[in-house]
Structure formats: C-alpha cells, structure tokens
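What follows is the content of input_1.cif (mmCIF, N, CA and C atoms).
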```cif
data_run
#
loop_
_atom_site.label_atom_id
_atom_site.label_comp_id
_atom_site.auth_asym_id
_atom_site.auth_seq_id
_atom_site.Cartn_x
_atom_site.Cartn_y
_atom_site.Cartn_z
N MET A 901 83.06 127.16 156.04
CA MET A 901 83.68 126.49 157.15
C MET A 901 84.18 125.13 156.68
N GLU A 902 85.48 124.91 156.81
CA GLU A 902 86.06 123.64 156.38
C GLU A 902 86.51 122.87 157.60
N ILE A 903 86.37 121.56 157.50
CA ILE A 903 86.85 120.69 158.57
C ILE A 903 88.02 119.91 158.01
N GLU A 904 89.16 120.06 158.63
CA GLU A 904 90.34 119.34 158.17
C GLU A 904 90.18 117.86 158.48
N GLU A 905 91.03 117.06 157.83
CA GLU A 905 90.96 115.61 158.01
C GLU A 905 91.08 115.23 159.49
N GLU A 906 92.03 115.83 160.18
CA GLU A 906 92.18 115.54 161.61
C GLU A 906 91.04 116.15 162.41
N GLY A 907 90.45 117.22 161.89
CA GLY A 907 89.36 117.89 162.59
C GLY A 907 88.14 117.02 162.74
N PHE A 908 87.88 116.12 161.78
CA PHE A 908 86.71 115.25 161.88
C PHE A 908 86.82 114.35 163.09
N GLU A 909 87.99 113.75 163.30
CA GLU A 909 88.17 112.88 164.45
C GLU A 909 88.01 113.67 165.75
N ASP A 910 88.60 114.85 165.81
CA ASP A 910 88.47 115.68 167.00
C ASP A 910 87.01 116.06 167.24
N ASN A 911 86.29 116.44 166.18
CA ASN A 911 84.88 116.80 166.32
C ASN A 911 84.05 115.62 166.78
N SER A 912 84.32 114.43 166.25
CA SER A 912 83.58 113.24 166.64
C SER A 912 83.75 112.96 168.12
N ARG A 913 84.96 113.12 168.60
CA ARG A 913 85.21 112.89 170.03
C ARG A 913 84.60 114.01 170.87
N LYS A 914 84.70 115.25 170.39
CA LYS A 914 84.13 116.39 171.11
C LYS A 914 82.61 116.25 171.23
N LEU A 915 81.99 115.72 170.17
CA LEU A 915 80.54 115.55 170.17
C LEU A 915 80.10 114.33 170.96
N LYS A 916 81.06 113.58 171.47
CA LYS A 916 80.80 112.40 172.31
C LYS A 916 79.97 111.35 171.58
N LEU A 917 80.32 111.11 170.32
CA LEU A 917 79.65 110.08 169.54
C LEU A 917 80.25 108.72 169.86
N LYS A 918 79.43 107.69 169.79
CA LYS A 918 79.89 106.35 170.09
C LYS A 918 80.75 105.84 168.93
N VAL A 919 81.99 105.47 169.25
CA VAL A 919 82.91 104.95 168.25
C VAL A 919 82.63 103.47 168.06
N VAL A 920 82.35 103.09 166.81
CA VAL A 920 82.06 101.70 166.48
C VAL A 920 83.34 100.98 166.07
N TYR A 921 84.19 101.68 165.30
CA TYR A 921 85.43 101.10 164.81
C TYR A 921 86.44 102.20 164.61
N GLU A 922 87.69 101.88 164.91
CA GLU A 922 88.74 102.88 164.73
C GLU A 922 90.05 102.19 164.38
N ASP A 923 90.73 102.73 163.39
CA ASP A 923 92.10 102.34 163.09
C ASP A 923 92.81 103.61 162.63
N PRO A 924 94.08 103.55 162.28
CA PRO A 924 94.79 104.79 161.93
C PRO A 924 94.19 105.56 160.75
N ASP A 925 93.45 104.87 159.87
CA ASP A 925 92.91 105.52 158.68
C ASP A 925 91.41 105.78 158.74
N VAL A 926 90.69 105.06 159.61
CA VAL A 926 89.23 105.12 159.59
C VAL A 926 88.69 105.30 161.01
N LEU A 927 87.67 106.15 161.12
CA LEU A 927 86.93 106.29 162.36
C LEU A 927 85.45 106.17 162.02
N VAL A 928 84.79 105.18 162.58
CA VAL A 928 83.37 104.96 162.33
C VAL A 928 82.61 105.24 163.62
N VAL A 929 81.63 106.15 163.55
CA VAL A 929 80.82 106.50 164.72
C VAL A 929 79.35 106.30 164.38
N THR A 930 78.53 106.15 165.41
CA THR A 930 77.09 106.03 165.19
C THR A 930 76.48 107.42 165.09
N ALA A 931 75.46 107.53 164.28
CA ALA A 931 74.74 108.79 164.16
C ALA A 931 73.93 109.02 165.43
N PRO A 932 73.80 110.25 165.86
CA PRO A 932 73.04 110.53 167.08
C PRO A 932 71.54 110.35 166.88
N ASN A 933 70.85 109.91 167.95
CA ASN A 933 69.38 109.87 167.89
C ASN A 933 68.88 111.30 168.16
N GLU A 934 67.55 111.47 168.18
CA GLU A 934 67.00 112.82 168.32
C GLU A 934 67.41 113.51 169.61
N ASP A 935 67.37 112.80 170.73
CA ASP A 935 67.75 113.40 172.01
C ASP A 935 69.23 113.75 172.04
N GLU A 936 70.08 112.86 171.50
CA GLU A 936 71.51 113.13 171.45
C GLU A 936 71.80 114.32 170.54
N LEU A 937 71.07 114.42 169.43
CA LEU A 937 71.26 115.54 168.51
C LEU A 937 70.92 116.87 169.19
N VAL A 938 69.87 116.89 169.98
CA VAL A 938 69.49 118.10 170.71
C VAL A 938 70.63 118.51 171.65
N LYS A 939 71.20 117.55 172.36
CA LYS A 939 72.32 117.86 173.28
C LYS A 939 73.53 118.35 172.52
N ILE A 940 73.82 117.72 171.38
CA ILE A 940 74.96 118.13 170.56
C ILE A 940 74.76 119.55 170.06
N LEU A 941 73.57 119.87 169.58
CA LEU A 941 73.29 121.22 169.09
C LEU A 941 73.44 122.25 170.20
N LEU A 942 72.96 121.93 171.38
CA LEU A 942 73.12 122.85 172.51
C LEU A 942 74.59 123.09 172.82
N ASP A 943 75.39 122.03 172.83
CA ASP A 943 76.82 122.18 173.09
C ASP A 943 77.49 123.05 172.03
N LEU A 944 77.13 122.83 170.77
CA LEU A 944 77.72 123.62 169.69
C LEU A 944 77.28 125.08 169.77
N LEU A 945 76.02 125.33 170.09
CA LEU A 945 75.51 126.69 170.14
C LEU A 945 75.99 127.45 171.37
N LYS A 946 76.45 126.74 172.39
CA LYS A 946 77.01 127.42 173.56
C LYS A 946 78.32 128.09 173.22
N ASP A 947 79.04 127.55 172.22
CA ASP A 947 80.31 128.14 171.80
C ASP A 947 80.10 129.45 171.05
N ARG A 948 79.12 129.44 170.13
CA ARG A 948 78.83 130.65 169.34
C ARG A 948 77.53 130.44 168.57
N PRO A 949 76.87 131.54 168.21
CA PRO A 949 75.66 131.41 167.39
C PRO A 949 76.01 130.83 166.02
N MET A 950 75.13 129.96 165.50
CA MET A 950 75.38 129.34 164.20
C MET A 950 74.09 129.21 163.41
N SER A 951 74.24 129.20 162.10
CA SER A 951 73.11 128.98 161.20
C SER A 951 72.92 127.47 161.00
N VAL A 952 71.81 127.11 160.40
CA VAL A 952 71.55 125.70 160.10
C VAL A 952 72.64 125.15 159.19
N LYS A 953 73.06 125.93 158.22
CA LYS A 953 74.09 125.48 157.29
C LYS A 953 75.42 125.24 158.00
N GLU A 954 75.79 126.12 158.92
CA GLU A 954 77.03 125.92 159.68
C GLU A 954 76.95 124.65 160.52
N LEU A 955 75.81 124.44 161.16
CA LEU A 955 75.63 123.23 161.96
C LEU A 955 75.67 121.99 161.07
N HIS A 956 75.08 122.08 159.89
CA HIS A 956 75.06 120.95 158.98
C HIS A 956 76.46 120.59 158.50
N VAL A 957 77.32 121.59 158.28
CA VAL A 957 78.70 121.33 157.89
C VAL A 957 79.41 120.54 158.98
N ILE A 958 79.22 120.93 160.22
CA ILE A 958 79.86 120.25 161.34
C ILE A 958 79.32 118.83 161.49
N LEU A 959 78.02 118.67 161.30
CA LEU A 959 77.36 117.38 161.50
C LEU A 959 77.15 116.60 160.20
N SER A 960 77.82 117.01 159.15
CA SER A 960 77.69 116.36 157.85
C SER A 960 77.97 114.86 157.97
N GLY A 961 77.08 114.05 157.43
CA GLY A 961 77.23 112.60 157.51
C GLY A 961 76.65 112.01 158.78
N LEU A 962 76.29 112.86 159.73
CA LEU A 962 75.74 112.39 161.01
C LEU A 962 74.27 112.74 161.15
N ALA A 963 73.88 113.89 160.62
CA ALA A 963 72.49 114.33 160.72
C ALA A 963 72.14 115.15 159.49
N SER A 964 70.99 114.89 158.92
CA SER A 964 70.55 115.64 157.75
C SER A 964 70.14 117.05 158.17
N GLU A 965 70.05 117.93 157.19
CA GLU A 965 69.63 119.29 157.47
C GLU A 965 68.22 119.31 158.05
N ASP A 966 67.36 118.41 157.58
CA ASP A 966 65.99 118.32 158.11
C ASP A 966 65.98 117.92 159.58
N LYS A 967 66.80 116.94 159.95
CA LYS A 967 66.86 116.53 161.36
C LYS A 967 67.39 117.66 162.23
N ILE A 968 68.37 118.38 161.72
CA ILE A 968 68.92 119.51 162.47
C ILE A 968 67.84 120.57 162.66
N ARG A 969 67.08 120.87 161.60
CA ARG A 969 66.00 121.85 161.70
C ARG A 969 64.94 121.42 162.70
N ARG A 970 64.54 120.13 162.66
CA ARG A 970 63.54 119.63 163.62
C ARG A 970 64.03 119.77 165.06
N ALA A 971 65.29 119.43 165.29
CA ALA A 971 65.85 119.55 166.64
C ALA A 971 65.90 121.01 167.07
N LEU A 972 66.26 121.90 166.16
CA LEU A 972 66.30 123.32 166.49
C LEU A 972 64.91 123.86 166.79
N ILE A 973 63.92 123.44 166.01
CA ILE A 973 62.53 123.86 166.27
C ILE A 973 62.09 123.38 167.65
N ARG A 974 62.45 122.16 167.99
CA ARG A 974 62.14 121.62 169.33
C ARG A 974 62.76 122.50 170.42
N LEU A 975 64.02 122.89 170.22
CA LEU A 975 64.70 123.73 171.21
C LEU A 975 64.08 125.13 171.28
N VAL A 976 63.68 125.67 170.13
CA VAL A 976 63.03 126.99 170.10
C VAL A 976 61.68 126.91 170.81
N ASN A 977 60.91 125.86 170.53
CA ASN A 977 59.59 125.71 171.17
C ASN A 977 59.72 125.52 172.68
N ASP A 978 60.81 124.92 173.13
CA ASP A 978 61.05 124.73 174.56
C ASP A 978 61.62 125.99 175.21
N GLY A 979 61.96 127.00 174.40
CA GLY A 979 62.49 128.25 174.94
C GLY A 979 63.95 128.19 175.32
N VAL A 980 64.64 127.17 174.87
CA VAL A 980 66.06 127.00 175.21
C VAL A 980 66.96 127.74 174.22
N VAL A 981 66.51 127.82 172.98
CA VAL A 981 67.27 128.44 171.90
C VAL A 981 66.34 129.42 171.19
N TYR A 982 66.90 130.48 170.64
CA TYR A 982 66.09 131.35 169.80
C TYR A 982 66.89 131.73 168.55
N MET A 983 66.16 132.17 167.54
CA MET A 983 66.79 132.56 166.29
C MET A 983 66.99 134.06 166.27
N GLN A 984 68.19 134.47 165.95
CA GLN A 984 68.50 135.88 165.84
C GLN A 984 67.98 136.42 164.50
N PRO A 985 67.87 137.73 164.36
CA PRO A 985 67.38 138.31 163.10
C PRO A 985 68.20 137.89 161.87
N ASP A 986 69.49 137.59 162.07
CA ASP A 986 70.34 137.19 160.94
C ASP A 986 70.20 135.71 160.58
N GLY A 987 69.31 134.98 161.29
CA GLY A 987 69.07 133.58 160.98
C GLY A 987 69.92 132.59 161.75
N ARG A 988 70.83 133.09 162.57
CA ARG A 988 71.64 132.19 163.39
C ARG A 988 70.92 131.89 164.69
N PHE A 989 71.19 130.71 165.22
CA PHE A 989 70.56 130.27 166.46
C PHE A 989 71.53 130.47 167.61
N ILE A 990 70.97 130.82 168.77
CA ILE A 990 71.79 131.06 169.96
C ILE A 990 71.04 130.52 171.17
N VAL A 991 71.79 130.06 172.16
CA VAL A 991 71.20 129.55 173.39
C VAL A 991 70.67 130.75 174.19
N ALA A 992 69.46 130.65 174.68
CA ALA A 992 68.84 131.73 175.46
C ALA A 992 69.64 131.96 176.74
N GLY A 993 69.82 133.22 177.07
CA GLY A 993 70.50 133.57 178.32
C GLY A 993 72.00 133.69 178.21
N ILE A 994 72.54 133.50 177.02
CA ILE A 994 74.02 133.64 176.88
C ILE A 994 74.33 135.00 176.31
#
```
Could you write out this structure as structure tokens?
Amino acid sequence: MEIEEEGFEDNSRKLKLKVVYEDPDVLVVTAPNEDELVKILLDLLKDRPMSVKELHVILSGLASEDKIRRALIRLVNDGVVYMQPDGRFIVAGI
C-alpha cells in the first residue's frame, strides 16, 4: 500500500489530526494520544478490515507499530474489534 505525496495531506485531514504548521510544501501535525489513536483505528477499520502492517503504513510517522498493537488489543478486549483468521482486524457487527 503506497501513499502518494498528496495522499498524506488528505489522510492527515481525514484522520482529524491537529495541524501545527502548514505551507505549500510542508504539513506538520501532532501525533495522536492513545484515546485519539483508538478512534482513528476504529474509523479506518470501519472502511475495511486491515492488518497491523496496513494500519502502520497509513499511520507511519504518527504511531509506532507497538502503539497500534496496544490500541488494537484494547479494542479487542473491549469487544469492539476482533481479529479475523487471516490476521486482519475488523469492527464487530459490520
């Protein structure tokens, strides 16, 4: 999964990250805290099931793979998300 140069800006806005600085060449956003990351993961997983690696590609530079895994475990323990046999995560009830 590749993110085009313009795709990063679109993804940052779609993920509702706080913009710290912006000019025609640079977009600086704050990394999400744990609660924000959980909401972001839920929004992403509502679109389609994804693996940790797919989520990490989208959130590259914003959240480490470990933070993504911790947030997913939290969602699984809460019964909001479950892991499919192929290793991808999906929102329960979709």
Legend entry - Residues in the PyMOL selection byres ((chain A and resi 928-935) around 8), expressed as a list in words: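 Selected by the PyMOL selection byres ((chain A and resi 928-935) around 8) in this file: Ser912, Leu917, Lys918, Val919, Val920, Tyr921, Glu922, Asp923, Asp925, Val926, Leu927, Glu936, Leu937, Val938, Lys939, Ile940, Leu941, Gly961, Leu962, Ala963, Lys967 and Ala971 of chain A.
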Output the selection as a PDB file, in the coordinates of the input - N, CA and C atoms for each residue.
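Contents of again.pdb, freshly written:
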```
ATOM      1  N   SER A 912      84.320 114.430 166.250  1.00  0.00           N
ATOM      2  CA  SER A 912      83.580 113.240 166.640  1.00  0.00           C
ATOM      3  C   SER A 912      83.750 112.960 168.120  1.00  0.00           C
ATOM      4  N   LEU A 917      80.320 111.110 170.320  1.00  0.00           N
ATOM      5  CA  LEU A 917      79.650 110.080 169.540  1.00  0.00           C
ATOM      6  C   LEU A 917      80.250 108.720 169.860  1.00  0.00           C
ATOM      7  N   LYS A 918      79.430 107.690 169.790  1.00  0.00           N
ATOM      8  CA  LYS A 918      79.890 106.350 170.090  1.00  0.00           C
ATOM      9  C   LYS A 918      80.750 105.840 168.930  1.00  0.00           C
ATOM     10  N   VAL A 919      81.990 105.470 169.250  1.00  0.00           N
ATOM     11  CA  VAL A 919      82.910 104.950 168.250  1.00  0.00           C
ATOM     12  C   VAL A 919      82.630 103.470 168.060  1.00  0.00           C
ATOM     13  N   VAL A 920      82.350 103.090 166.810  1.00  0.00           N
ATOM     14  CA  VAL A 920      82.060 101.700 166.480  1.00  0.00           C
ATOM     15  C   VAL A 920      83.340 100.980 166.070  1.00  0.00           C
ATOM     16  N   TYR A 921      84.190 101.680 165.300  1.00  0.00           N
ATOM     17  CA  TYR A 921      85.430 101.100 164.810  1.00  0.00           C
ATOM     18  C   TYR A 921      86.440 102.200 164.610  1.00  0.00           C
ATOM     19  N   GLU A 922      87.690 101.880 164.910  1.00  0.00           N
ATOM     20  CA  GLU A 922      88.740 102.880 164.730  1.00  0.00           C
ATOM     21  C   GLU A 922      90.050 102.190 164.380  1.00  0.00           C
ATOM     22  N   ASP A 923      90.730 102.730 163.390  1.00  0.00           N
ATOM     23  CA  ASP A 923      92.100 102.340 163.090  1.00  0.00           C
ATOM     24  C   ASP A 923      92.810 103.610 162.630  1.00  0.00           C
ATOM     25  N   ASP A 925      93.450 104.870 159.870  1.00  0.00           N
ATOM     26  CA  ASP A 925      92.910 105.520 158.680  1.00  0.00           C
ATOM     27  C   ASP A 925      91.410 105.780 158.740  1.00  0.00           C
ATOM     28  N   VAL A 926      90.690 105.060 159.610  1.00  0.00           N
ATOM     29  CA  VAL A 926      89.230 105.120 159.590  1.00  0.00           C
ATOM     30  C   VAL A 926      88.690 105.300 161.010  1.00  0.00           C
ATOM     31  N   LEU A 927      87.670 106.150 161.120  1.00  0.00           N
ATOM     32  CA  LEU A 927      86.930 106.290 162.360  1.00  0.00           C
ATOM     33  C   LEU A 927      85.450 106.170 162.020  1.00  0.00           C
ATOM     34  N   GLU A 936      70.080 112.860 171.500  1.00  0.00           N
ATOM     35  CA  GLU A 936      71.510 113.130 171.450  1.00  0.00           C
ATOM     36  C   GLU A 936      71.800 114.320 170.540  1.00  0.00           C
ATOM     37  N   LEU A 937      71.070 114.420 169.430  1.00  0.00           N
ATOM     38  CA  LEU A 937      71.260 115.540 168.510  1.00  0.00           C
ATOM     39  C   LEU A 937      70.920 116.870 169.190  1.00  0.00           C
ATOM     40  N   VAL A 938      69.870 116.890 169.980  1.00  0.00           N
ATOM     41  CA  VAL A 938      69.490 118.100 170.710  1.00  0.00           C
ATOM     42  C   VAL A 938      70.630 118.510 171.650  1.00  0.00           C
ATOM     43  N   LYS A 939      71.200 117.550 172.360  1.00  0.00           N
ATOM     44  CA  LYS A 939      72.320 117.860 173.280  1.00  0.00           C
ATOM     45  C   LYS A 939      73.530 118.350 172.520  1.00  0.00           C
ATOM     46  N   ILE A 940      73.820 117.720 171.380  1.00  0.00           N
ATOM     47  CA  ILE A 940      74.960 118.130 170.560  1.00  0.00           C
ATOM     48  C   ILE A 940      74.760 119.550 170.060  1.00  0.00           C
ATOM     49  N   LEU A 941      73.570 119.870 169.580  1.00  0.00           N
ATOM     50  CA  LEU A 941      73.290 121.220 169.090  1.00  0.00           C
ATOM     51  C   LEU A 941      73.440 122.250 170.200  1.00  0.00           C
ATOM     52  N   GLY A 961      77.080 114.050 157.430  1.00  0.00           N
ATOM     53  CA  GLY A 961      77.230 112.600 157.510  1.00  0.00           C
ATOM     54  C   GLY A 961      76.650 112.010 158.780  1.00  0.00           C
ATOM     55  N   LEU A 962      76.290 112.860 159.730  1.00  0.00           N
ATOM     56  CA  LEU A 962      75.740 112.390 161.010  1.00  0.00           C
ATOM     57  C   LEU A 962      74.270 112.740 161.150  1.00  0.00           C
ATOM     58  N   ALA A 963      73.880 113.890 160.620  1.00  0.00           N
ATOM     59  CA  ALA A 963      72.490 114.330 160.720  1.00  0.00           C
ATOM     60  C   ALA A 963      72.140 115.150 159.490  1.00  0.00           C
ATOM     61  N   LYS A 967      66.800 116.940 159.950  1.00  0.00           N
ATOM     62  CA  LYS A 967      66.860 116.530 161.360  1.00  0.00           C
ATOM     63  C   LYS A 967      67.390 117.660 162.230  1.00  0.00           C
ATOM     64  N   ALA A 971      65.290 119.430 165.290  1.00  0.00           N
ATOM     65  CA  ALA A 971      65.850 119.550 166.640  1.00  0.00           C
ATOM     66  C   ALA A 971      65.900 121.010 167.070  1.00  0.00           C
TER      67      ALA A 971
END
```
Legend entry - Shortest interatomic distance to Val981 (chain A) - which of A:Arg948, A:Gly993, A:Leu959, A:Glu965, counting only N, CA and C atoms: A:Gly993
Inset, instruction - as a ChimeraX atom specification, please: all residues of chain A that backbone DSSP puts in helix (DSSP H, G or I). - result: /A:905-914,934-947,952-958,965-977
Inset, instruction - Just give me the gap between CA of Ile958 (chain A) and CA of Pro985 (chain A) in Å, one decimal is fine. - result: 22.0 Å
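Across chain A, DSSP run on the backbone finds strand (DSSP E or B) at Val919, Val920, Tyr921, Glu922, Leu927, Val928, Val929, Met950, Val981, Tyr982, Met983, Phe989, Ile990 and Val991 of chain A.
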